[in-house]
>>> print(open('final06.cif').read())   # mmCIF, C-alpha atoms
data_target
#
loop_
_atom_site.label_atom_id
_atom_site.label_comp_id
_atom_site.auth_asym_id
_atom_site.auth_seq_id
_atom_site.Cartn_x
_atom_site.Cartn_y
_atom_site.Cartn_z
CA MET A 1 -70.70 83.36 -76.91
CA ALA A 2 -66.95 82.93 -77.16
CA MET A 3 -65.26 80.74 -74.57
CA GLU A 4 -62.76 82.63 -72.48
CA THR A 5 -59.45 80.78 -72.12
CA VAL A 6 -57.80 81.21 -68.75
CA LEU A 7 -54.04 81.38 -69.06
CA PRO A 8 -52.04 79.81 -66.25
CA THR A 9 -50.25 82.13 -63.83
CA ASP A 10 -46.46 82.34 -63.67
CA GLU A 11 -46.46 80.36 -60.46
CA GLU A 12 -48.52 77.55 -61.99
CA ILE A 13 -46.29 77.49 -65.06
CA ILE A 14 -43.09 77.30 -63.02
CA ILE A 15 -44.45 74.49 -60.86
CA SER A 16 -45.58 72.59 -63.97
CA ILE A 17 -42.19 73.04 -65.65
CA ARG A 18 -40.52 71.62 -62.56
CA GLN A 19 -42.80 68.62 -62.89
CA GLY A 20 -41.53 68.11 -66.43
CA LYS A 21 -44.10 69.98 -68.52
CA ILE A 22 -41.41 71.99 -70.25
CA ASP A 23 -43.60 72.97 -73.21
CA LEU A 24 -45.34 75.46 -70.91
CA TYR A 25 -42.19 77.57 -70.95
CA SER A 26 -43.44 79.04 -74.21
CA TYR A 27 -46.12 80.88 -72.18
CA ILE A 28 -43.43 82.68 -70.20
CA VAL A 29 -41.44 83.43 -73.33
CA LYS A 30 -44.49 84.83 -75.13
CA ARG A 31 -45.62 86.79 -72.10
CA TYR A 32 -42.36 88.60 -71.34
CA THR A 33 -40.26 88.69 -74.52
CA PRO A 34 -41.75 91.95 -75.89
CA ARG A 35 -41.15 93.83 -72.63
CA ILE A 36 -37.65 92.48 -72.11
CA LEU A 37 -36.65 93.13 -75.72
CA GLN A 38 -38.01 96.66 -75.54
CA PHE A 39 -36.13 97.29 -72.30
CA ILE A 40 -32.85 96.05 -73.76
CA SER A 41 -33.36 97.81 -77.09
CA SER A 42 -33.87 101.13 -75.30
CA ARG A 43 -30.36 100.74 -73.88
CA LEU A 44 -28.42 99.08 -76.68
CA PHE A 45 -29.79 100.43 -79.98
CA ASP A 46 -28.34 97.41 -81.76
CA LYS A 47 -31.22 95.14 -82.71
CA LEU A 48 -29.16 91.97 -83.10
CA GLU A 49 -27.31 92.42 -79.83
CA ALA A 50 -30.59 93.19 -78.06
CA GLU A 51 -32.11 89.98 -79.41
CA ASP A 52 -29.06 87.97 -78.33
CA LEU A 53 -29.26 89.36 -74.80
CA THR A 54 -33.01 88.66 -74.65
CA GLN A 55 -32.31 85.06 -75.61
CA ASN A 56 -29.64 84.80 -72.91
CA VAL A 57 -31.99 86.18 -70.27
CA PHE A 58 -34.67 83.58 -71.02
CA ILE A 59 -32.23 80.68 -71.33
CA ASN A 60 -30.55 81.63 -68.07
CA PHE A 61 -33.92 81.80 -66.37
CA TYR A 62 -34.84 78.38 -67.71
CA LYS A 63 -31.57 76.94 -66.41
CA ALA A 64 -32.25 78.44 -62.98
CA ILE A 65 -35.92 77.50 -62.83
CA GLU A 66 -35.34 74.63 -60.38
CA ARG A 67 -33.90 77.06 -57.84
CA PHE A 68 -36.33 79.90 -58.49
CA ASP A 69 -38.82 80.66 -55.74
CA GLU A 70 -42.14 80.54 -57.60
CA LYS A 71 -43.76 82.85 -55.02
CA ARG A 72 -41.50 85.68 -56.13
CA PRO A 73 -42.78 87.85 -58.99
CA LEU A 74 -41.05 86.88 -62.20
CA LEU A 75 -40.71 90.21 -63.98
CA PRO A 76 -38.34 91.86 -61.43
CA TYR A 77 -36.19 88.73 -61.57
CA LEU A 78 -36.00 88.98 -65.36
CA TYR A 79 -35.10 92.68 -65.17
CA GLU A 80 -32.36 91.86 -62.69
CA SER A 81 -31.09 89.25 -65.11
CA VAL A 82 -31.21 91.83 -67.91
CA ARG A 83 -29.15 94.22 -65.82
CA ASN A 84 -26.52 91.53 -65.28
CA GLU A 85 -26.47 90.67 -68.97
CA LEU A 86 -26.09 94.35 -69.87
CA LYS A 87 -23.23 94.71 -67.39
CA MET A 88 -21.47 91.73 -68.95
CA PHE A 89 -22.14 93.09 -72.41
CA TYR A 90 -20.71 96.52 -71.58
CA ARG A 91 -17.71 94.91 -69.93
CA SER A 92 -16.96 92.74 -72.95
CA HIS A 93 -17.41 95.63 -75.36
CA LYS A 94 -15.43 98.16 -73.34
CA GLU A 95 -13.02 100.06 -75.51
CA VAL A 96 -9.50 99.26 -74.42
CA LEU A 97 -6.47 101.26 -75.35
CA SER A 98 -3.63 98.81 -75.58
CA LEU A 99 -0.36 99.65 -73.96
CA ASP A 100 1.31 99.55 -77.38
CA GLU A 101 -0.93 102.33 -78.60
CA GLN A 102 -0.38 104.26 -75.38
CA ILE A 103 3.38 104.07 -75.79
CA MET A 104 3.09 104.99 -79.47
CA ILE A 105 1.03 108.05 -78.61
CA ASP A 106 3.51 108.95 -75.89
CA GLU A 107 6.45 108.57 -78.25
CA GLN A 108 4.73 110.66 -80.86
CA SER A 109 4.01 113.41 -78.41
CA ILE A 110 7.61 113.25 -77.21
CA LYS A 111 8.89 113.61 -80.74
CA GLU A 112 6.51 116.45 -81.42
CA THR A 113 7.27 118.44 -78.33
CA ASN A 114 10.85 117.21 -78.00
CA LEU A 115 10.52 117.50 -74.28
CA ILE A 116 11.46 114.11 -72.91
CA ASP A 117 13.30 111.02 -74.00
CA ILE A 118 11.61 107.58 -73.72
CA ASP A 119 14.67 105.99 -72.10
CA GLU A 120 14.65 108.79 -69.60
CA VAL A 121 11.05 107.96 -68.77
CA LEU A 122 11.62 104.23 -68.52
CA LYS A 123 14.63 104.56 -66.29
CA ASP A 124 12.40 105.45 -63.33
CA ILE A 125 10.46 102.21 -63.75
CA SER A 126 11.55 99.24 -61.67
CA GLY A 127 12.81 96.02 -63.25
CA ASP A 128 9.59 94.08 -62.70
CA GLN A 129 7.45 96.89 -64.05
CA LYS A 130 9.65 97.16 -67.13
CA LYS A 131 9.47 93.40 -67.69
CA ALA A 132 5.67 93.40 -67.31
CA LEU A 133 5.36 96.32 -69.74
CA LYS A 134 7.60 94.56 -72.22
CA LEU A 135 5.55 91.36 -72.05
CA ILE A 136 2.24 93.17 -72.41
CA SER A 137 3.58 95.04 -75.43
CA GLU A 138 4.45 91.63 -76.93
CA GLY A 139 0.79 90.67 -76.68
CA TYR A 140 0.76 88.45 -73.60
CA SER A 141 -2.32 88.44 -71.38
CA TYR A 142 -2.15 89.34 -67.67
CA ARG A 143 -2.51 85.67 -66.74
CA GLU A 144 0.31 84.61 -69.07
CA ILE A 145 2.54 87.36 -67.71
CA ALA A 146 1.72 86.24 -64.17
CA ASN A 147 2.74 82.69 -65.10
CA LYS A 148 5.93 83.83 -66.82
CA MET A 149 6.97 86.11 -63.95
CA LYS A 150 5.78 83.58 -61.35
CA LYS A 151 3.71 86.26 -59.67
CA ASN A 152 0.09 86.64 -58.70
CA ILE A 153 -2.15 88.07 -61.43
CA ASN A 154 -3.16 90.93 -59.15
CA THR A 155 0.49 91.78 -58.57
CA VAL A 156 1.00 91.95 -62.33
CA ARG A 157 -2.03 94.23 -62.64
CA THR A 158 -0.61 96.51 -59.96
CA LEU A 159 2.84 96.54 -61.61
CA ILE A 160 1.40 97.59 -64.94
CA ARG A 161 -0.96 100.15 -63.43
CA ARG A 162 1.87 101.74 -61.44
CA ALA A 163 4.13 101.80 -64.49
CA ARG A 164 1.42 103.55 -66.48
CA LEU A 165 0.83 106.06 -63.69
CA LEU A 166 4.56 106.75 -63.52
CA LEU A 167 4.70 107.31 -67.28
CA ASN A 168 1.72 109.64 -67.13
CA SER A 169 2.98 111.63 -64.16
CA LYS A 170 6.41 111.99 -65.74
CA LYS A 171 4.84 113.26 -68.95
CA THR A 172 2.65 115.77 -67.12
CA TYR A 173 5.59 116.95 -65.03
CA GLU A 174 7.80 117.44 -68.09
CA LYS A 175 5.09 119.28 -69.96
CA ALA A 176 4.54 121.58 -67.02
CA MET B 177 -41.10 89.00 -82.40
CA LYS B 178 -42.44 85.56 -83.27
CA LYS B 179 -39.08 84.64 -84.76
CA LEU B 180 -37.24 85.66 -81.61
CA GLU B 181 -39.66 83.70 -79.42
CA ASP B 182 -39.14 80.63 -81.63
CA LYS B 183 -35.37 81.05 -81.34
CA ILE B 184 -35.57 81.21 -77.53
CA ILE B 185 -37.82 78.15 -77.37
CA LYS B 186 -35.54 76.23 -79.73
CA LYS B 187 -32.49 77.06 -77.63
CA MET B 188 -34.35 75.96 -74.54
CA TYR B 189 -35.27 72.63 -76.17
CA VAL B 190 -31.71 72.06 -77.38
CA TRP B 191 -30.38 72.64 -73.87
CA GLU B 192 -33.06 70.47 -72.29
CA THR B 193 -32.49 67.65 -74.81
CA LYS B 194 -28.79 67.61 -73.97
CA LYS B 195 -29.45 67.71 -70.23
CA THR B 196 -32.15 65.03 -70.21
CA GLY B 197 -30.23 62.80 -72.64
CA LEU B 198 -27.04 63.03 -70.61
CA SER B 199 -28.89 62.34 -67.38
CA LEU B 200 -30.65 59.29 -68.85
CA ILE B 201 -27.45 57.90 -70.35
CA THR B 202 -25.52 58.42 -67.10
CA LYS B 203 -28.21 56.72 -65.02
CA THR B 204 -28.48 53.79 -67.43
CA ILE B 205 -24.72 53.30 -67.50
CA LEU B 206 -24.50 53.50 -63.70
CA PHE B 207 -27.36 51.07 -63.26
CA LEU B 208 -26.12 48.54 -65.81
CA PHE B 209 -22.44 48.73 -64.96
CA PHE B 210 -22.76 48.50 -61.19
CA GLY B 211 -25.70 46.06 -61.38
CA LEU B 212 -23.76 43.67 -63.61
CA LEU B 213 -20.65 44.13 -61.47
CA ALA B 214 -22.64 43.24 -58.35
CA ILE B 215 -24.07 40.10 -60.04
CA PHE B 216 -20.66 39.05 -61.33
CA LEU B 217 -18.99 39.52 -57.94
CA THR B 218 -21.82 37.69 -56.20
CA GLN B 219 -21.20 34.74 -58.52
CA ILE B 220 -17.53 34.80 -57.59
CA LEU B 221 -18.45 34.97 -53.91
CA VAL B 222 -20.73 31.94 -54.23
CA GLU B 223 -17.95 30.04 -56.02
CA VAL B 224 -15.52 30.94 -53.26
CA PHE B 225 -18.10 29.75 -50.73
CA PHE B 226 -18.40 26.37 -52.37
CA GLU B 227 -14.66 26.03 -52.92
CA THR B 228 -13.83 26.67 -49.27
CA GLY B 229 -16.68 24.49 -48.08
CA SER B 230 -18.25 27.34 -46.15
CA ASP B 231 -21.62 26.28 -47.48
CA ASN B 232 -21.60 23.46 -44.92
CA VAL B 233 -22.77 25.91 -42.29
CA PHE B 234 -26.13 26.13 -44.01
CA GLU B 235 -26.76 22.44 -43.45
CA ILE B 236 -27.79 23.29 -39.93
CA LEU B 237 -30.89 24.97 -41.34
CA GLN B 238 -32.26 21.53 -42.12
CA GLU B 239 -32.12 20.70 -38.42
CA ASP B 240 -34.76 21.41 -35.81
CA TRP B 241 -35.40 25.16 -35.29
CA GLN B 242 -34.41 24.88 -31.61
CA ILE B 243 -30.92 23.77 -32.62
CA VAL B 244 -30.78 26.53 -35.20
CA ALA B 245 -31.79 29.09 -32.55
CA LYS B 246 -29.21 27.73 -30.14
CA HIS B 247 -26.29 27.77 -32.58
CA GLY B 248 -27.49 30.59 -34.81
CA LEU B 249 -25.08 33.17 -33.44
CA ASP B 250 -22.13 30.79 -33.69
CA ILE B 251 -22.99 30.07 -37.30
CA ILE B 252 -23.23 33.74 -38.19
CA PHE B 253 -19.92 34.43 -36.42
CA SER B 254 -18.10 31.60 -38.19
CA LEU B 255 -19.61 32.68 -41.49
CA TYR B 256 -18.46 36.24 -40.86
CA GLN B 257 -14.92 35.01 -40.26
CA GLU B 258 -14.85 32.95 -43.43
CA ILE B 259 -16.29 35.36 -45.97
CA PRO B 260 -13.91 37.55 -48.06
CA LYS B 261 -14.81 40.96 -46.60
CA PRO B 262 -13.38 43.27 -49.31
CA LEU B 263 -15.39 41.39 -51.91
CA ILE B 264 -18.58 41.71 -49.87
CA PHE B 265 -17.89 45.42 -49.43
CA VAL B 266 -17.45 45.95 -53.20
CA ILE B 267 -20.65 43.96 -53.86
CA PHE B 268 -22.62 46.09 -51.41
CA VAL B 269 -21.26 49.37 -52.82
CA SER B 270 -21.95 48.31 -56.43
CA PHE B 271 -25.40 47.12 -55.54
CA GLY B 272 -26.05 50.37 -53.62
CA ILE B 273 -25.01 52.57 -56.55
CA SER B 274 -27.07 50.53 -58.97
CA LEU B 275 -30.08 50.67 -56.67
CA LEU B 276 -29.63 54.42 -56.15
CA ALA B 277 -29.62 55.01 -59.91
CA LEU B 278 -32.76 52.91 -60.26
CA LEU B 279 -34.55 54.62 -57.38
CA THR B 280 -33.69 58.11 -58.68
CA PHE B 281 -35.07 57.10 -62.04
CA ILE B 282 -38.28 55.67 -60.50
CA LYS B 283 -38.70 58.74 -58.29
CA ASN B 284 -38.41 61.12 -61.26
CA PHE B 285 -40.16 58.85 -63.69
CA GLY B 286 -43.24 61.09 -64.09
CA LYS B 287 -41.10 64.15 -64.67
CA ILE B 288 -38.83 62.36 -67.16
CA ARG B 289 -41.84 60.97 -69.03
CA TYR B 290 -43.37 64.44 -69.43
CA LYS B 291 -40.03 65.87 -70.51
CA VAL B 292 -39.28 63.17 -73.05
CA THR B 293 -42.82 63.44 -74.48
CA ALA B 294 -42.48 67.21 -74.81
CA LEU B 295 -39.04 66.89 -76.40
CA LEU B 296 -40.18 64.25 -78.90
CA ARG B 297 -43.26 66.29 -79.78
CA TYR B 298 -41.15 69.42 -80.37
CA TRP B 299 -38.49 67.72 -82.50
CA GLU B 300 -41.11 65.81 -84.53
CA LYS B 301 -42.91 69.09 -85.18
CA GLY B 302 -39.56 70.55 -86.25
CA GLN B 303 -39.03 67.67 -88.69
CA ASP B 304 -42.55 68.16 -90.08
CA ARG B 305 -41.85 71.86 -90.57
CA LYS B 306 -38.65 71.01 -92.45
CA THR B 307 -40.28 68.47 -94.75
CA THR B 308 -43.33 70.61 -95.60
#
>>> encode(input="final06.cif", output="structure tokens")
Amino acid sequence: MAMETVLPTDEEIIISIRQGKIDLYSYIVKRYTPRILQFISSRLFDKLEAEDLTQNVFINFYKAIERFDEKRPLLPYLYESVRNELKMFYRSHKEVLSLDEQIMIDEQSIKETNLIDIDEVLKDISGDQKKALKLISEGYSYREIANKMKKNINTVRTLIRRARLLLNSKKTYEKA
Amino acid sequence: MKKLEDKIIKKMYVWETKKTGLSLITKTILFLFFGLLAIFLTQILVEVFFETGSDNVFEILQEDWQIVAKHGLDIIFSLYQEIPKPLIFVIFVSFGISLLALLTFIKNFGKIRYKVTALLRYWEKGQDRKTT
């Protein structure tokens, strides 16, 4: 008759890891990796990225194991961690249209339609907004612009957003 | 899947090795540095004691205990006035830090032992895998 091996529960494993028996972490990894990887793969479709995120989830959990309440079920915690990782992933991979491109597209459309002049558009923009736009078109980050203009980073964000809105509204108005 | 699990476990061990190593090194440095500083400053204090002749107050201890009990408070007070207080303060702080580092190590000794054993076992296994 084959001997049945009783695997330790998550709670027992976590308590043991806190006591220094870190090799038991492999039980948790083996137990949950397939499910977590499958969950991430169903949302990302990129195998390598999915594997990277799975690794992050387990490493982050290991780093937080001292603070983790072992009475809580582990799987929901891991899924929550996956959600956070996915959010960060989407945020870092968000497609951004740089202001340079935006202006280029605008200029092109102006040339094509011959409706408005770029100087005409920029004249409605205040000095600070113009300066911020100029700096961002030169490749400076929001933080660098904030430092250069000696303004809060949020103020710089607002300046640029308002300038863009003004440009867009002007364009729409002229087209209409 | 096995490969991914191995990668996760390896990353975990790398992180744990760094953390445990750093913690051990920090505690050792704290213990040795402040322990040696406390010993060194105590030596200086004793020298100062002998130079100023403050050690004379201890001669009363050779007397009858009734005399010691009668003048005990006076002795302590005069000793308190003569000792270099900043030096005593630094000695106490150094000794405290050194003791704290030692106590933390003793308190977590079981945990550290398990961790170090697990880490050594893992890295030795890794070396074996590389050589075979």
>>> closest_residue(input="final06.cif", among="B:Gln242, B:Ser199, B:Ser274, B:Gln257", to="Leu213 (chain B)", atoms="all atoms listed in the file")
B:Ser274
>>> residues_near_point(input="final06.cif", point="(-20.7, 46.1, -57.2)", cutoff="12 Å", atoms="all atoms listed in the file", output="ChimeraX atom specification")
/B:206-221,262-275
>>> interface_residues(input="final06.cif", of="chain B", to="chain A", cutoff="10 Å", atoms="only C-alpha atoms", output="PyMOL selection string")
chain B and resi 177-178+180-185+187-189+191-192+284-295+297-298
>>> write_last_selection(input="final06.cif", atoms="C-alpha atoms", output="short mmCIF file (atom, residue, chain, number, x, y, z; two decimals), keeping the file's coordinate frame")
data_model
loop_
_atom_site.label_atom_id
_atom_site.label_comp_id
_atom_site.auth_asym_id
_atom_site.auth_seq_id
_atom_site.Cartn_x
_atom_site.Cartn_y
_atom_site.Cartn_z
CA MET B 177 -41.10 89.00 -82.40
CA LYS B 178 -42.44 85.56 -83.27
CA LEU B 180 -37.24 85.66 -81.61
CA GLU B 181 -39.66 83.70 -79.42
CA ASP B 182 -39.14 80.63 -81.63
CA LYS B 183 -35.37 81.05 -81.34
CA ILE B 184 -35.57 81.21 -77.53
CA ILE B 185 -37.82 78.15 -77.37
CA LYS B 187 -32.49 77.06 -77.63
CA MET B 188 -34.35 75.96 -74.54
CA TYR B 189 -35.27 72.63 -76.17
CA TRP B 191 -30.38 72.64 -73.87
CA GLU B 192 -33.06 70.47 -72.29
CA ASN B 284 -38.41 61.12 -61.26
CA PHE B 285 -40.16 58.85 -63.69
CA GLY B 286 -43.24 61.09 -64.09
CA LYS B 287 -41.10 64.15 -64.67
CA ILE B 288 -38.83 62.36 -67.16
CA ARG B 289 -41.84 60.97 -69.03
CA TYR B 290 -43.37 64.44 -69.43
CA LYS B 291 -40.03 65.87 -70.51
CA VAL B 292 -39.28 63.17 -73.05
CA THR B 293 -42.82 63.44 -74.48
CA ALA B 294 -42.48 67.21 -74.81
CA LEU B 295 -39.04 66.89 -76.40
CA ARG B 297 -43.26 66.29 -79.78
CA TYR B 298 -41.15 69.42 -80.37
#
>>> atom_distance(input="final06.cif", atom1="CA of Tyr27 (chain A)", atom2="CA of Thr196 (chain B)")
21.2 Å
>>> atom_distance(input="final06.cif", atom1="CA of Ser42 (chain A)", atom2="CA of Pro73 (chain A)")
22.8 Å
>>> residues_around(input="final06.cif", residues="Thr228 (chain B)", least_positions_apart="4", cutoff="12 Å", atoms="only C-alpha atoms", output="JSON, numbers by chain")
{"B": [221, 222, 223, 224, 232, 233, 255, 258, 259, 260]}
>>> resolve_selection(input="final06.cif", expression="the PyMOL selection byres ((chain A and resi 141-153) around 12)", output="PyMOL selection string")
chain A and resi 98-99+127-140+154-161
>>> atom_distance(input="final06.cif", atom1="CA of Leu48 (chain A)", atom2="CA of Pro76 (chain A)")
23.5 Å
>>> residues_around(input="final06.cif", residues="region 5-12 of chain A", least_positions_apart="3", cutoff="7 Å", atoms="only C-alpha atoms", output="ChimeraX atom specification")
/A:15-16,70-71
>>> decode(input="final06.cif", residues="region 29-64 of chain A", atoms="N, CA and C atoms", output="PDB file, in the first residue's frame")
ATOM      1  N   VAL A  29       4.979  28.119  -4.432  1.00  0.00           N
ATOM      2  CA  VAL A  29       5.254  28.402  -5.848  1.00  0.00           C
ATOM      3  C   VAL A  29       4.662  27.293  -6.724  1.00  0.00           C
ATOM      4  N   LYS A  30       4.903  26.054  -6.337  1.00  0.00           N
ATOM      5  CA  LYS A  30       4.426  24.930  -7.156  1.00  0.00           C
ATOM      6  C   LYS A  30       2.903  24.833  -7.124  1.00  0.00           C
ATOM      7  N   ARG A  31       2.330  25.200  -6.007  1.00  0.00           N
ATOM      8  CA  ARG A  31       0.880  25.077  -5.849  1.00  0.00           C
ATOM      9  C   ARG A  31       0.128  26.106  -6.683  1.00  0.00           C
ATOM     10  N   TYR A  32       0.645  27.334  -6.762  1.00  0.00           N
ATOM     11  CA  TYR A  32      -0.150  28.403  -7.372  1.00  0.00           C
ATOM     12  C   TYR A  32       0.377  28.922  -8.712  1.00  0.00           C
ATOM     13  N   THR A  33       1.587  28.587  -9.074  1.00  0.00           N
ATOM     14  CA  THR A  33       2.133  29.135 -10.338  1.00  0.00           C
ATOM     15  C   THR A  33       1.246  28.821 -11.553  1.00  0.00           C
ATOM     16  N   PRO A  34       0.800  27.560 -11.740  1.00  0.00           N
ATOM     17  CA  PRO A  34      -0.001  27.296 -12.942  1.00  0.00           C
ATOM     18  C   PRO A  34      -1.243  28.177 -13.032  1.00  0.00           C
ATOM     19  N   ARG A  35      -1.949  28.340 -11.909  1.00  0.00           N
ATOM     20  CA  ARG A  35      -3.180  29.133 -11.927  1.00  0.00           C
ATOM     21  C   ARG A  35      -2.908  30.604 -12.197  1.00  0.00           C
ATOM     22  N   ILE A  36      -1.862  31.117 -11.533  1.00  0.00           N
ATOM     23  CA  ILE A  36      -1.547  32.543 -11.706  1.00  0.00           C
ATOM     24  C   ILE A  36      -1.074  32.813 -13.133  1.00  0.00           C
ATOM     25  N   LEU A  37      -0.244  31.916 -13.648  1.00  0.00           N
ATOM     26  CA  LEU A  37       0.264  32.094 -15.015  1.00  0.00           C
ATOM     27  C   LEU A  37      -0.883  32.038 -16.024  1.00  0.00           C
ATOM     28  N   GLN A  38      -1.786  31.101 -15.788  1.00  0.00           N
ATOM     29  CA  GLN A  38      -2.935  30.968 -16.709  1.00  0.00           C
ATOM     30  C   GLN A  38      -3.789  32.241 -16.677  1.00  0.00           C
ATOM     31  N   PHE A  39      -4.002  32.742 -15.459  1.00  0.00           N
ATOM     32  CA  PHE A  39      -4.812  33.959 -15.291  1.00  0.00           C
ATOM     33  C   PHE A  39      -4.176  35.139 -16.024  1.00  0.00           C
ATOM     34  N   ILE A  40      -2.869  35.284 -15.854  1.00  0.00           N
ATOM     35  CA  ILE A  40      -2.181  36.413 -16.512  1.00  0.00           C
ATOM     36  C   ILE A  40      -2.133  36.207 -18.029  1.00  0.00           C
ATOM     37  N   SER A  41      -1.867  34.975 -18.442  1.00  0.00           N
ATOM     38  CA  SER A  41      -1.777  34.697 -19.889  1.00  0.00           C
ATOM     39  C   SER A  41      -3.098  34.977 -20.591  1.00  0.00           C
ATOM     40  N   SER A  42      -4.218  34.727 -19.889  1.00  0.00           N
ATOM     41  CA  SER A  42      -5.516  34.974 -20.515  1.00  0.00           C
ATOM     42  C   SER A  42      -5.755  36.465 -20.737  1.00  0.00           C
ATOM     43  N   ARG A  43      -4.958  37.307 -20.088  1.00  0.00           N
ATOM     44  CA  ARG A  43      -5.141  38.748 -20.248  1.00  0.00           C
ATOM     45  C   ARG A  43      -4.034  39.412 -21.080  1.00  0.00           C
ATOM     46  N   LEU A  44      -2.876  38.784 -21.123  1.00  0.00           N
ATOM     47  CA  LEU A  44      -1.756  39.442 -21.803  1.00  0.00           C
ATOM     48  C   LEU A  44      -1.419  38.900 -23.196  1.00  0.00           C
ATOM     49  N   PHE A  45      -1.572  37.625 -23.373  1.00  0.00           N
ATOM     50  CA  PHE A  45      -1.259  36.947 -24.644  1.00  0.00           C
ATOM     51  C   PHE A  45       0.224  36.921 -24.997  1.00  0.00           C
ATOM     52  N   ASP A  46       1.032  37.597 -24.230  1.00  0.00           N
ATOM     53  CA  ASP A  46       2.474  37.554 -24.467  1.00  0.00           C
ATOM     54  C   ASP A  46       3.083  36.642 -23.403  1.00  0.00           C
ATOM     55  N   LYS A  47       3.628  35.516 -23.857  1.00  0.00           N
ATOM     56  CA  LYS A  47       4.070  34.490 -22.908  1.00  0.00           C
ATOM     57  C   LYS A  47       5.187  35.008 -21.984  1.00  0.00           C
ATOM     58  N   LEU A  48       6.140  35.703 -22.596  1.00  0.00           N
ATOM     59  CA  LEU A  48       7.284  36.180 -21.799  1.00  0.00           C
ATOM     60  C   LEU A  48       6.870  37.200 -20.748  1.00  0.00           C
ATOM     61  N   GLU A  49       5.990  38.130 -21.189  1.00  0.00           N
ATOM     62  CA  GLU A  49       5.517  39.150 -20.237  1.00  0.00           C
ATOM     63  C   GLU A  49       4.718  38.494 -19.127  1.00  0.00           C
ATOM     64  N   ALA A  50       3.906  37.509 -19.499  1.00  0.00           N
ATOM     65  CA  ALA A  50       3.086  36.807 -18.498  1.00  0.00           C
ATOM     66  C   ALA A  50       3.976  36.110 -17.473  1.00  0.00           C
ATOM     67  N   GLU A  51       5.055  35.512 -17.952  1.00  0.00           N
ATOM     68  CA  GLU A  51       5.980  34.827 -17.026  1.00  0.00           C
ATOM     69  C   GLU A  51       6.675  35.827 -16.103  1.00  0.00           C
ATOM     70  N   ASP A  52       7.041  36.976 -16.684  1.00  0.00           N
ATOM     71  CA  ASP A  52       7.690  38.023 -15.864  1.00  0.00           C
ATOM     72  C   ASP A  52       6.760  38.495 -14.749  1.00  0.00           C
ATOM     73  N   LEU A  53       5.489  38.726 -15.120  1.00  0.00           N
ATOM     74  CA  LEU A  53       4.535  39.208 -14.121  1.00  0.00           C
ATOM     75  C   LEU A  53       4.293  38.147 -13.055  1.00  0.00           C
ATOM     76  N   THR A  54       4.246  36.878 -13.474  1.00  0.00           N
ATOM     77  CA  THR A  54       4.057  35.793 -12.496  1.00  0.00           C
ATOM     78  C   THR A  54       5.216  35.796 -11.501  1.00  0.00           C
ATOM     79  N   GLN A  55       6.414  35.956 -12.029  1.00  0.00           N
ATOM     80  CA  GLN A  55       7.584  36.011 -11.141  1.00  0.00           C
ATOM     81  C   GLN A  55       7.460  37.169 -10.149  1.00  0.00           C
ATOM     82  N   ASN A  56       7.060  38.329 -10.667  1.00  0.00           N
ATOM     83  CA  ASN A  56       6.916  39.499  -9.790  1.00  0.00           C
ATOM     84  C   ASN A  56       5.912  39.242  -8.678  1.00  0.00           C
ATOM     85  N   VAL A  57       4.789  38.617  -9.044  1.00  0.00           N
ATOM     86  CA  VAL A  57       3.736  38.355  -8.057  1.00  0.00           C
ATOM     87  C   VAL A  57       4.284  37.505  -6.915  1.00  0.00           C
ATOM     88  N   PHE A  58       5.018  36.449  -7.247  1.00  0.00           N
ATOM     89  CA  PHE A  58       5.518  35.548  -6.204  1.00  0.00           C
ATOM     90  C   PHE A  58       6.649  36.190  -5.389  1.00  0.00           C
ATOM     91  N   ILE A  59       7.478  36.967  -6.052  1.00  0.00           N
ATOM     92  CA  ILE A  59       8.568  37.629  -5.316  1.00  0.00           C
ATOM     93  C   ILE A  59       7.997  38.688  -4.378  1.00  0.00           C
ATOM     94  N   ASN A  60       7.003  39.436  -4.883  1.00  0.00           N
ATOM     95  CA  ASN A  60       6.381  40.449  -4.029  1.00  0.00           C
ATOM     96  C   ASN A  60       5.703  39.804  -2.827  1.00  0.00           C
ATOM     97  N   PHE A  61       5.074  38.666  -3.058  1.00  0.00           N
ATOM     98  CA  PHE A  61       4.428  37.980  -1.935  1.00  0.00           C
ATOM     99  C   PHE A  61       5.481  37.524  -0.925  1.00  0.00           C
ATOM    100  N   TYR A  62       6.588  37.018  -1.425  1.00  0.00           N
ATOM    101  CA  TYR A  62       7.637  36.560  -0.502  1.00  0.00           C
ATOM    102  C   TYR A  62       8.165  37.736   0.337  1.00  0.00           C
ATOM    103  N   LYS A  63       8.317  38.890  -0.327  1.00  0.00           N
ATOM    104  CA  LYS A  63       8.833  40.055   0.398  1.00  0.00           C
ATOM    105  C   LYS A  63       7.839  40.510   1.476  1.00  0.00           C
ATOM    106  N   ALA A  64       6.550  40.274   1.203  1.00  0.00           N
ATOM    107  CA  ALA A  64       5.525  40.758   2.145  1.00  0.00           C
ATOM    108  C   ALA A  64       5.081  39.680   3.121  1.00  0.00           C
TER     109      ALA A  64
END
